[in-house]
Structures are given as structure tokens and as C-alpha cells.
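Source file run25.cif; content: mmCIF, C-alpha atoms and all ligand atoms.
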data_structure
loop_
_atom_site.label_atom_id
_atom_site.label_comp_id
_atom_site.auth_asym_id
_atom_site.auth_seq_id
_atom_site.Cartn_x
_atom_site.Cartn_y
_atom_site.Cartn_z
CA MET W 237 -2.79 24.26 8.03
CA PHE W 238 -3.51 21.39 10.35
CA ILE W 239 -5.68 22.28 13.33
CA LEU W 240 -5.74 19.58 15.95
CA LEU W 241 -8.93 19.64 18.04
CA LYS W 242 -9.37 18.49 21.61
CA GLU W 243 -10.92 15.06 21.81
CA ASN W 244 -14.26 16.18 23.25
CA THR W 245 -14.86 18.86 20.58
CA ASN W 246 -18.48 18.60 19.39
CA HIS W 247 -20.17 19.02 16.01
CA SER W 248 -21.34 22.57 16.57
CA GLN W 249 -17.87 23.70 17.63
CA ILE W 250 -16.43 22.17 14.47
CA ALA W 251 -19.12 23.89 12.40
CA GLU W 252 -18.27 27.21 14.10
CA LEU W 253 -14.61 26.87 13.18
CA GLN W 254 -15.50 25.89 9.63
CA SER W 255 -17.70 28.94 9.27
CA PHE W 256 -14.82 31.15 10.49
CA PHE W 257 -12.77 29.84 7.56
CA ARG W 258 -15.70 30.09 5.16
CA THR W 259 -15.99 33.83 5.86
CA LEU W 260 -12.35 34.06 4.69
CA GLY W 261 -13.35 32.20 1.53
CA LEU W 262 -11.53 29.04 2.65
CA GLU W 263 -12.97 25.55 2.50
CA THR W 264 -11.98 23.08 5.23
CA TYR W 265 -11.81 19.35 5.59
CA VAL W 266 -12.68 17.51 8.80
CA LEU W 267 -10.47 14.62 9.85
CA GLN W 268 -11.72 12.03 12.32
CA ASN W 269 -8.51 10.28 13.29
CA PRO W 270 -7.08 12.37 14.86
CA LEU W 271 -9.98 14.83 15.21
CA ALA W 272 -8.72 17.84 13.28
CA ILE W 273 -9.50 20.38 10.62
CA LEU W 274 -7.43 20.86 7.54
CA ALA W 275 -7.54 24.36 6.07
CA PRO W 276 -5.48 26.11 3.41
CA ASN W 277 -2.47 27.87 4.92
CA ASN W 278 -3.50 31.42 5.78
CA HIS W 279 -1.97 34.38 7.61
CA LEU W 280 -5.18 34.81 9.61
CA LEU W 281 -5.23 32.13 12.26
CA PRO W 282 -8.32 31.27 14.34
CA ASP W 283 -8.26 32.99 17.71
CA ARG W 284 -7.30 30.43 20.36
CA ASP W 285 -9.21 32.40 23.05
CA ARG W 286 -12.41 32.16 21.03
CA PHE W 287 -11.93 28.61 19.76
CA THR W 288 -10.84 27.13 23.07
CA PHE W 289 -11.29 23.57 21.73
CA ILE W 290 -8.24 23.95 19.47
CA ASP W 291 -5.34 21.87 20.73
CA ASP W 292 -2.63 22.83 18.25
CA ILE W 293 -2.11 24.58 14.92
CA LYS W 294 0.65 23.53 12.54
CA PRO W 295 1.31 24.66 8.99
CA ILE W 296 1.55 21.94 6.33
CA LEU W 297 4.02 23.25 3.80
CA THR W 298 3.96 20.28 1.42
CA PRO W 299 1.41 19.91 -1.42
CA PHE W 300 0.29 16.57 0.03
CA LYS W 301 -1.62 17.03 3.27
CA LEU W 302 -3.54 14.03 4.58
CA SER W 303 -0.66 11.64 3.99
CA SER W 304 1.75 14.05 5.71
CA LYS W 305 3.47 13.19 8.95
CA ILE W 306 2.15 16.46 10.37
CA VAL W 307 -1.29 14.83 10.55
CA LYS W 308 -0.08 11.84 12.55
CA ASN W 309 3.08 9.99 13.22
CA THR W 310 2.10 6.58 11.99
CA THR W 311 -0.76 4.53 10.57
CA GLU W 312 -1.47 0.99 11.57
CA PHE W 313 -4.49 -1.22 10.85
CA ASP W 314 -5.74 -4.73 10.89
CA VAL W 315 -6.35 -7.13 8.00
CA ASN W 316 -8.02 -10.33 9.19
CA GLY W 317 -6.27 -10.07 12.53
CA ILE W 318 -2.83 -9.21 11.12
CA ARG W 319 -1.40 -5.78 11.89
CA ILE W 320 0.01 -3.70 9.03
CA GLY W 321 2.07 -0.52 9.36
CA SER W 322 3.99 1.19 12.18
CA ASN W 323 6.33 -1.35 13.73
CA HIS W 324 4.93 -4.33 11.87
CA ALA W 325 6.40 -5.98 8.82
CA ASN W 326 4.55 -8.40 6.59
CA ILE W 327 5.27 -10.46 3.54
CA ILE W 328 2.88 -10.69 0.63
CA ALA W 329 3.87 -13.32 -1.92
CA GLY W 330 2.33 -15.07 -4.87
CA PRO W 331 2.33 -15.30 -8.63
CA CYS W 332 2.21 -12.37 -11.00
CA SER W 333 -0.92 -13.95 -12.55
CA ILE W 334 -3.30 -16.56 -11.28
CA GLU W 335 -2.91 -19.22 -13.96
CA SER W 336 -4.73 -22.36 -12.83
CA GLU W 337 -6.24 -24.05 -9.81
CA GLU W 338 -3.18 -26.26 -9.48
CA GLN W 339 -0.78 -23.31 -9.59
CA ILE W 340 -2.56 -21.12 -7.06
CA TYR W 341 -3.28 -23.99 -4.67
CA SER W 342 0.32 -25.14 -4.67
CA ILE W 343 1.48 -21.59 -3.93
CA ALA W 344 -1.13 -21.08 -1.20
CA LYS W 345 -0.16 -24.37 0.42
CA PHE W 346 3.52 -23.46 0.31
CA LEU W 347 2.94 -19.99 1.80
CA ASN W 348 0.84 -21.46 4.57
CA SER W 349 3.63 -23.93 5.38
CA LYS W 350 5.97 -20.92 5.77
CA GLU W 351 3.51 -19.06 8.06
CA ILE W 352 2.98 -16.33 5.47
CA LYS W 353 -0.38 -14.60 5.82
CA PHE W 354 -0.90 -12.82 2.50
CA ILE W 355 -1.14 -14.19 -1.03
CA ARG W 356 -1.03 -11.97 -4.11
CA GLY W 357 -2.08 -12.78 -7.65
CA GLY W 358 -3.46 -10.89 -10.62
CA ALA W 359 -6.66 -11.89 -12.40
CA TYR W 360 -6.82 -8.87 -14.71
CA LYS W 361 -3.30 -8.12 -15.88
CA PRO W 362 -2.07 -4.82 -17.28
CA ARG W 363 0.07 -6.23 -20.11
CA THR W 364 2.09 -4.05 -22.45
CA SER W 365 1.02 -6.19 -25.40
CA PRO W 366 -2.62 -7.08 -26.00
CA TYR W 367 -1.38 -10.42 -27.35
CA SER W 368 0.10 -11.49 -23.98
CA PHE W 369 -1.77 -13.51 -21.35
CA ARG W 370 -4.10 -11.04 -19.68
CA GLY W 371 -5.35 -13.10 -16.76
CA LEU W 372 -8.22 -15.45 -15.95
CA GLY W 373 -10.57 -12.65 -14.89
CA ASN W 374 -13.41 -13.58 -12.57
CA THR W 375 -12.43 -17.28 -12.64
CA GLY W 376 -9.00 -16.29 -11.35
CA LEU W 377 -10.45 -14.23 -8.52
CA LYS W 378 -12.59 -17.16 -7.40
CA LEU W 379 -9.58 -19.49 -7.50
CA ILE W 380 -7.34 -17.25 -5.40
CA ARG W 381 -10.14 -16.66 -2.88
CA GLU W 382 -10.81 -20.38 -2.48
CA ALA W 383 -7.12 -21.20 -2.16
CA ALA W 384 -6.62 -18.37 0.34
CA ASP W 385 -9.58 -19.49 2.46
CA LYS W 386 -8.34 -23.05 2.49
CA PHE W 387 -4.85 -22.04 3.61
CA ASP W 388 -5.67 -19.17 5.98
CA LEU W 389 -4.37 -16.37 3.76
CA SER W 390 -5.59 -12.89 2.92
CA VAL W 391 -5.84 -11.93 -0.76
CA VAL W 392 -4.09 -9.01 -2.45
CA THR W 393 -5.15 -8.45 -6.05
CA GLU W 394 -5.01 -5.62 -8.52
CA LEU W 395 -8.06 -3.57 -9.49
CA MET W 396 -7.64 -2.49 -13.10
CA ASP W 397 -10.82 -0.54 -13.57
CA LEU W 398 -13.71 0.76 -11.47
CA SER W 399 -16.12 -1.39 -13.45
CA LEU W 400 -14.49 -4.36 -11.68
CA LEU W 401 -14.75 -2.89 -8.17
CA ASP W 402 -17.59 -5.12 -6.97
CA GLU W 403 -15.55 -8.23 -7.80
CA ALA W 404 -12.49 -6.83 -6.06
CA LEU W 405 -14.55 -6.05 -2.96
CA GLU W 406 -15.99 -9.56 -2.94
CA TYR W 407 -12.80 -11.56 -3.48
CA SER W 408 -9.94 -9.53 -2.01
CA ASP W 409 -8.76 -8.31 1.38
CA ILE W 410 -6.38 -5.66 0.06
CA ILE W 411 -6.92 -3.96 -3.30
CA GLN W 412 -3.75 -3.25 -5.24
CA ILE W 413 -3.64 -0.18 -7.46
CA GLY W 414 -0.92 -0.73 -9.98
CA SER W 415 1.74 1.60 -11.23
CA ARG W 416 -0.26 2.38 -14.37
CA ASN W 417 -3.30 3.49 -12.38
CA MET W 418 -1.54 5.54 -9.71
CA ALA W 419 -2.57 8.69 -11.52
CA ASN W 420 -6.13 7.57 -12.27
CA PHE W 421 -7.51 10.25 -9.99
CA TYR W 422 -11.22 9.52 -10.40
CA MET W 423 -10.56 5.91 -9.55
CA LEU W 424 -8.54 6.91 -6.48
CA ALA W 425 -11.32 9.21 -5.29
CA GLU W 426 -13.82 6.34 -5.55
CA LEU W 427 -11.50 4.10 -3.55
CA GLY W 428 -11.64 6.71 -0.83
CA LYS W 429 -15.28 5.79 -0.29
CA ILE W 430 -14.76 2.10 0.39
CA ASN W 431 -13.73 0.30 3.53
CA LYS W 432 -10.95 -1.93 2.20
CA PRO W 433 -7.19 -1.36 2.43
CA ILE W 434 -5.59 -0.05 -0.74
CA MET W 435 -2.02 -0.88 -1.72
CA LEU W 436 -1.00 2.07 -3.87
CA LYS W 437 2.00 1.30 -6.04
CA ARG W 438 4.27 4.09 -7.13
CA GLY W 439 3.66 5.21 -10.70
CA MET W 440 6.67 4.28 -12.81
CA GLN W 441 7.20 7.95 -13.62
CA ALA W 442 5.94 9.39 -10.36
CA ASN W 443 7.97 11.50 -8.01
CA VAL W 444 7.31 11.28 -4.29
CA THR W 445 5.05 14.34 -4.17
CA GLU W 446 2.87 12.96 -6.95
CA TRP W 447 2.70 9.60 -5.22
CA LEU W 448 1.68 11.08 -1.86
CA LEU W 449 -0.87 13.33 -3.57
CA ALA W 450 -2.34 10.18 -5.12
CA ALA W 451 -2.58 8.75 -1.59
CA ASP W 452 -4.32 11.98 -0.52
CA TYR W 453 -7.00 11.32 -3.15
CA ILE W 454 -7.89 8.09 -1.35
CA LEU W 455 -7.49 9.47 2.17
CA SER W 456 -9.65 12.51 1.42
CA GLY W 457 -12.59 10.23 0.65
CA GLY W 458 -12.34 8.87 4.19
CA ASN W 459 -10.51 5.59 3.56
CA GLU W 460 -7.56 5.68 5.96
CA LYS W 461 -6.17 2.26 5.06
CA VAL W 462 -3.58 3.12 2.47
CA ILE W 463 -0.31 1.24 1.98
CA LEU W 464 2.37 2.62 -0.31
CA CYS W 465 4.48 0.24 -2.38
CA GLU W 466 7.75 1.13 -4.11
CA ARG W 467 8.07 -0.96 -7.30
CA GLY W 468 10.85 0.78 -9.16
CA ILE W 469 10.86 3.72 -11.51
CA ARG W 470 11.74 4.04 -15.18
CA SER W 471 15.14 5.34 -16.16
CA PHE W 472 17.32 5.52 -19.25
CA ASP W 473 18.93 2.19 -18.45
CA ASN W 474 17.96 -0.63 -20.77
CA LEU W 475 19.65 -3.44 -18.82
CA SER W 476 17.49 -3.26 -15.71
CA ARG W 477 13.69 -3.40 -15.82
CA ASN W 478 13.36 -0.55 -13.35
CA VAL W 479 15.39 1.42 -10.83
CA MET W 480 14.44 0.11 -7.40
CA ASP W 481 14.39 3.18 -5.18
CA ILE W 482 15.46 1.94 -1.76
CA GLY W 483 16.19 5.49 -0.64
CA VAL W 484 12.52 6.32 -0.97
CA ILE W 485 11.72 4.11 2.04
CA PRO W 486 13.30 6.31 4.73
CA LEU W 487 12.26 9.36 2.71
CA ILE W 488 8.59 8.32 2.78
CA GLN W 489 8.89 7.50 6.47
CA SER W 490 10.19 10.99 7.15
CA LEU W 491 7.34 12.61 5.20
CA SER W 492 4.34 10.38 5.75
CA HIS W 493 2.57 8.26 8.36
CA LEU W 494 1.56 5.63 5.80
CA PRO W 495 3.05 2.12 5.72
CA ILE W 496 5.58 1.60 2.94
CA PHE W 497 6.18 -1.77 1.29
CA ALA W 498 8.75 -2.71 -1.33
CA ASP W 499 8.27 -4.82 -4.46
CA PRO W 500 11.74 -6.02 -5.49
CA SER W 501 10.24 -8.26 -8.20
CA HIS W 502 9.06 -5.45 -10.46
CA GLY W 503 11.81 -3.28 -8.99
CA THR W 504 14.53 -5.43 -10.54
CA GLY W 505 12.77 -7.64 -13.09
CA ASN W 506 15.32 -10.38 -12.37
CA SER W 507 14.85 -13.20 -9.86
CA ASN W 508 18.63 -13.31 -9.30
CA PHE W 509 18.52 -9.81 -7.83
CA VAL W 510 15.23 -9.96 -5.94
CA ASN W 511 16.57 -11.29 -2.65
CA GLN W 512 19.34 -8.72 -2.27
CA MET W 513 16.96 -5.87 -2.93
CA ALA W 514 14.30 -7.38 -0.69
CA LEU W 515 16.76 -7.54 2.20
CA ALA W 516 18.02 -4.05 1.45
CA ALA W 517 14.46 -2.75 1.58
CA MET W 518 13.82 -4.47 4.90
CA VAL W 519 17.03 -3.08 6.38
CA ALA W 520 15.99 0.35 5.11
CA GLY W 521 12.87 0.01 7.26
CA ALA W 522 10.14 -1.16 4.89
CA ASN W 523 6.87 -2.30 6.46
CA GLY W 524 6.96 -5.35 4.26
CA LEU W 525 7.53 -6.93 0.89
CA LEU W 526 5.46 -7.80 -2.14
CA VAL W 527 7.26 -10.64 -3.89
CA GLU W 528 6.37 -12.68 -6.96
CA ILE W 529 6.83 -16.43 -6.62
CA HIS W 530 5.98 -19.33 -8.90
CA PRO W 531 6.36 -23.12 -8.60
CA ASN W 532 8.03 -23.16 -11.99
CA PRO W 533 9.08 -19.65 -13.06
CA SER W 534 10.24 -20.70 -16.53
CA LYS W 535 6.65 -21.75 -17.28
CA ALA W 536 5.00 -18.63 -15.82
CA LEU W 537 2.51 -16.89 -18.11
CA SER W 538 3.68 -13.45 -16.98
CA ASP W 539 6.79 -12.03 -15.29
CA GLY W 540 8.57 -15.41 -15.09
CA ASP W 541 12.00 -13.74 -15.24
CA GLN W 542 11.47 -12.07 -11.89
CA ALA W 543 9.56 -14.81 -10.06
CA LEU W 544 11.31 -16.65 -7.22
CA ASN W 545 10.90 -20.40 -7.10
CA PHE W 546 10.05 -21.93 -3.72
CA ARG W 547 13.66 -22.62 -2.86
CA GLN W 548 14.69 -19.05 -3.61
CA PHE W 549 11.80 -17.77 -1.50
CA GLU W 550 12.96 -19.95 1.40
CA ALA W 551 16.40 -18.40 1.01
CA LEU W 552 14.80 -14.98 1.27
CA MET W 553 13.02 -15.97 4.49
CA ASN W 554 16.33 -17.26 5.85
CA GLY W 555 18.00 -14.00 4.92
CA ILE W 556 15.33 -12.02 6.73
CA ASN W 557 15.66 -14.15 9.83
CA ASN W 558 19.42 -13.67 9.79
CA LEU W 559 18.95 -9.91 9.60
CA LYS W 560 16.46 -9.77 12.45
CA THR W 561 18.62 -7.59 14.62
CA THR W 562 19.47 -5.21 11.79
CA ILE W 563 15.97 -4.78 10.41
CA GLN W 564 14.35 -1.60 11.62
CA LYS W 565 10.97 -3.19 12.35
CA PRO W 566 10.22 -5.87 14.92
CA ILE W 567 9.61 -9.07 13.01
CA ASP W 568 6.05 -10.31 13.21
CA ALA W 569 5.38 -13.92 13.99
CA ASN W 570 3.76 -14.26 10.60
CA TYR W 571 7.12 -14.60 9.00
CA SER W 572 9.70 -14.84 11.73
CA LEU W 573 8.48 -18.36 12.29
CA ALA W 574 8.67 -19.12 8.63
CA ILE W 575 12.14 -20.55 8.34
CA GLN W 576 14.42 -22.04 10.96
C1 LIG Q 1 1.96 -6.57 -10.47
O1 LIG Q 1 2.08 -6.42 -9.24
O2 LIG Q 1 1.86 -7.68 -11.01
C2 LIG Q 1 2.02 -5.37 -11.33
C3 LIG Q 1 1.51 -5.37 -12.56
O3 LIG Q 1 2.68 -4.36 -10.74
P1 LIG Q 1 3.01 -2.86 -11.24
O4 LIG Q 1 1.70 -2.14 -11.27
O5 LIG Q 1 3.95 -2.38 -10.19
O6 LIG Q 1 3.64 -2.96 -12.60
MN MN Q 2 3.96 -8.93 -12.25
#
Please re-express this file's structure in C-alpha cells.
Amino acid sequence: MFILLKENTNHSQIAELQSFFRTLGLETYVLQNPLAILAPNNHLLPDRDRFTFIDDIKPILTPFKLSSKIVKNTTEFDVNGIRIGSNHANIIAGPCSIESEEQIYSIAKFLNSKEIKFIRGGAYKPRTSPYSFRGLGNTGLKLIREAADKFDLSVVTELMDLSLLDEALEYSDIIQIGSRNMANFYMLAELGKINKPIMLKRGMQANVTEWLLAADYILSGGNEKVILCERGIRSFDNLSRNVMDIGVIPLIQSLSHLPIFADPSHGTGNSNFVNQMALAAMVAGANGLLVEIHPNPSKALSDGDQALNFRQFEALMNGINNLKTTIQKPIDANYSLAIQ
């Protein structure tokens, strides 16, 4: 159950309530924002006359708790002065992999010219085949950081393994946890202890409960800056890379307070379909997009089939501007100004 506490509740009152639950054999979890206690659902409720500092008690009937909408209505936070979540929508764009200084600088320059504020790019790539290009590693991280700093962008990059956490903390502004690591629970718990936003992609086999429980792993460590990202799920179909689940956007928004982004690049695997699905996701109410772009997709070292070239990306920005009145979220300056 979720027990909302009055704002001026002090430490000893919280301890008193926790010890009430402990005598019932129940462990509790203290939440700071909003100030609350999370306890297992129980038929014995704390006495409101004794614990006068309790504001409200609500059961949480879902397996996921901290990511639940019962805890709060919405989550919003700041990344280098840009708001993410709630009524904000942001675009994150960049290559699948950082390939060279020339490539990442040309992309960063282009994004800056379109008033985009976030660049993505992988330095350690989770490739199906060990013989494929697996990223530039630390060199790549340095390149994307330098390019981002030069062009006033924040960096989103994937953390593949906890042994690389220090690098990710140094070079990125948002840490992406990829589909393959969504269920790496020890990793998620460690990410709960850091003060950096985490973009948690949906596992390719994960249902919504599993995904939100994965978010709870991060939240329960105290890191409240979690962004969900739908990137398509596996199905029996062999003609599409993934099934892009647009319906999950309003579903997540009905269940959780966390921001939800959409990645139509991995969601479709085909640059010809990315823009339609990107617009569909925005109309469905997504808090933003993660889109792969490349100056020359046919030469990309990974995921070239799904990368938009600059012209296609401009078309996407135009499409978003045309849909301004339909899109559920107010459009932030950081991309509404992008294309006339
Ligand atoms: C990526 O964003 O490049 C990536 C590997 O994504 P996913 O984890 O969704 O496959
Ligand atoms: Mn990719």
C-alpha cells in the first residue's frame, strides 16, 4: 500500500510508522518525492488517529509499485536546462554507432542547426554477431562528448556493462539501457544509486509489467530520473524487424508517472517507415522520440537500413510541426523551432 505522509512529517514519526509495520513482519520503503511509505498490502491498516501525520492510504494492486501512477501523477526533470517528461516532448537523434570524428561532428552540427538538444550514439554496441562492428569504445565516447559540447547538445549513450559505468558517467548526460539489458537486475539496482537519468528501453520480449518492474529496480535505489522507451517487440513476423507497440504509449501513461519515449528506428528497422511511426507515436502522446540518423545511411557501420538521412529527418520535423495541434503534448521550443 501507498501511505502518503503530510509534508511536515519528521524522521521519528516515519520511524514509528515503520516499526508498526515491522511488528507485523512487514518491511517498508520510504519515498522522498512525494514523502510517503510503501508497505506490502495488508488487511491491518495503521490507525489514522494514532498516526495523525498520514495524509492518505491507497492500495497498489499492481506488481510494480514505485513506477505506478498511484505514487504520483507525473514525473518531470531537467537535463542541462531542458525539461523532460509530463507535458514536454523532446527529440533525441543521432547515429546508431559513433563511427568517426567527421561523422559525429557533421551530425552534431546538423542537429544544432535544427535546434535539437540531444544527440545519441553508441560507443559499445550490442551486436548479434561478434564479427560486426562493435563500436569505437572510449574513443567514441570522447568524440560524441566533444561534438556535443561544441554544438550545445546533451549526450545519450548506451551502457552495456557496469564495468563501463565510470565512463558513462563522465561522458553522457542520459544513460541508455538497451533492450538486451532491461532484465539485468543487478545492473538496474546499481543504476538506482547514481544521479543521472536512465533511459530504459523495453526488453524485446518484455511485457509491460516486466518493464515497469525493471523501472522499479532503478527507482527503488533512489534514482527518480527514469525514462521509458518503446523500441518494438519481437513477434513471429519475419518481414518487419520488430512490432512497434504504439498502443503501449497511452497504456504506460495510464499506469505510470514516468516519461515514455518511442524509438521508431529499432521499432520498424526500415527508414521508409520511421517517419510514419514517429508521428503516430507523437500523436499517441509520447514524451519524445529516439531516432537514428546518419549523413550517409548506406555507408553506416550499424543499422543503416533504419537510419534517416538529413533530408528525411527534416521531413520528420516538418511532419511534427504540421501535427502540432493534434499532438498530445505542448511542443517544446527545442524542436518546434526546428523546421519552418
Ligand atoms: C540502440 O539504440 O542502438 C540499440 C541497440 O537499441 P535496442 O537496445 O533497443 O536494441
Ligand atoms: Mn541501432
Q) Hey, can you check how far CA of Ser333 in chain W sits from CA of Arg381 in chain W? A)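 Computed distance, CA of Ser333 in chain W to CA of Arg381 in chain W, equals 13.6 Å.
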Q.
Could you tell me how far CA of Asn459 in chain W sits from CA of Gln254 in chain W, in Å to one decimal place?
A. 21.8 Å
Counting all atoms listed in the file, which residues sit no farther than 8 Å from the position (-8.7, 11.8, -2.5) in the file's frame? I'd like them as a short mmCIF file (atom, residue, chain, number, x, y, z; two decimals) with C-alpha atoms, in the coordinates of the input.
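out-v4.cif, written as the output of this step:
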data_model
loop_
_atom_site.label_atom_id
_atom_site.label_comp_id
_atom_site.auth_asym_id
_atom_site.auth_seq_id
_atom_site.Cartn_x
_atom_site.Cartn_y
_atom_site.Cartn_z
CA PHE W 421 -7.51 10.25 -9.99
CA LEU W 424 -8.54 6.91 -6.48
CA ALA W 425 -11.32 9.21 -5.29
CA GLY W 428 -11.64 6.71 -0.83
CA ALA W 450 -2.34 10.18 -5.12
CA ALA W 451 -2.58 8.75 -1.59
CA ASP W 452 -4.32 11.98 -0.52
CA TYR W 453 -7.00 11.32 -3.15
CA ILE W 454 -7.89 8.09 -1.35
CA LEU W 455 -7.49 9.47 2.17
CA SER W 456 -9.65 12.51 1.42
CA GLY W 457 -12.59 10.23 0.65
#
For chain W versus ligand LIG 1 (chain Q), which residues have an atom no more than 9 Å away, and what is each residue's nearest atom pair and distance in Å rounded to one decimal, using only C-alpha atoms and all ligand atoms, chain-then-number order, as CSV?
residue,atom,partner,partner_atom,distance
W:Pro331,CA,Q:LIG1,O2,8.0
W:Cys332,CA,Q:LIG1,O2,4.7
W:Ser333,CA,Q:LIG1,O2,7.0
W:Arg356,CA,Q:LIG1,O1,8.2
W:Gly357,CA,Q:LIG1,O2,7.3
W:Gly358,CA,Q:LIG1,O2,6.2
W:Lys361,CA,Q:LIG1,C3,6.5
W:Pro362,CA,Q:LIG1,C3,5.9
W:Arg363,CA,Q:LIG1,C3,7.7
W:Thr393,CA,Q:LIG1,O1,8.2
W:Glu394,CA,Q:LIG1,O1,7.2
W:Gln412,CA,Q:LIG1,O1,7.7
W:Ile413,CA,Q:LIG1,O4,6.8
W:Gly414,CA,Q:LIG1,O4,3.2
W:Ser415,CA,Q:LIG1,O4,3.7
W:Arg416,CA,Q:LIG1,O4,5.8
W:Asn417,CA,Q:LIG1,O4,7.6
W:Met418,CA,Q:LIG1,O4,8.5
W:Leu436,CA,Q:LIG1,O4,8.9
W:Lys437,CA,Q:LIG1,O5,5.9
W:Arg438,CA,Q:LIG1,O5,7.2
W:Gly439,CA,Q:LIG1,O5,7.6
W:Met440,CA,Q:LIG1,O5,7.7
W:Cys465,CA,Q:LIG1,O5,8.3
W:Glu466,CA,Q:LIG1,O5,8.0
W:Arg467,CA,Q:LIG1,O5,5.2
W:Gly468,CA,Q:LIG1,O5,7.7
W:Asp499,CA,Q:LIG1,O5,7.6
W:Ser501,CA,Q:LIG1,O1,8.4
W:His502,CA,Q:LIG1,O5,6.0
W:Gly503,CA,Q:LIG1,O5,8.0
W:Leu526,CA,Q:LIG1,O1,8.0
W:Val527,CA,Q:LIG1,O1,8.6
W:Glu528,CA,Q:LIG1,O2,7.9
W:Ser538,CA,Q:LIG1,O2,8.5
W:Asp539,CA,Q:LIG1,O2,7.8
Q) W:Ile463, W:Ala442, W:Ala359, W:Met435: which is nearest Ser492 in chain W, counting only C-alpha atoms? A)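 Between W:Ile463, W:Ala442, W:Ala359, W:Met435, the residue approaching Ser492 in chain W most closely is W:Ile463.
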Q: For each of W:Asn326, W:Thr310, W:Asn558, W:Asn506, take the minimum atom-to-atom distance to ligand MN 2 (chain Q), counting only C-alpha atoms and all ligand atoms, then give the residue where this is smallest.
A: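 Closest candidate: W:Asn506.
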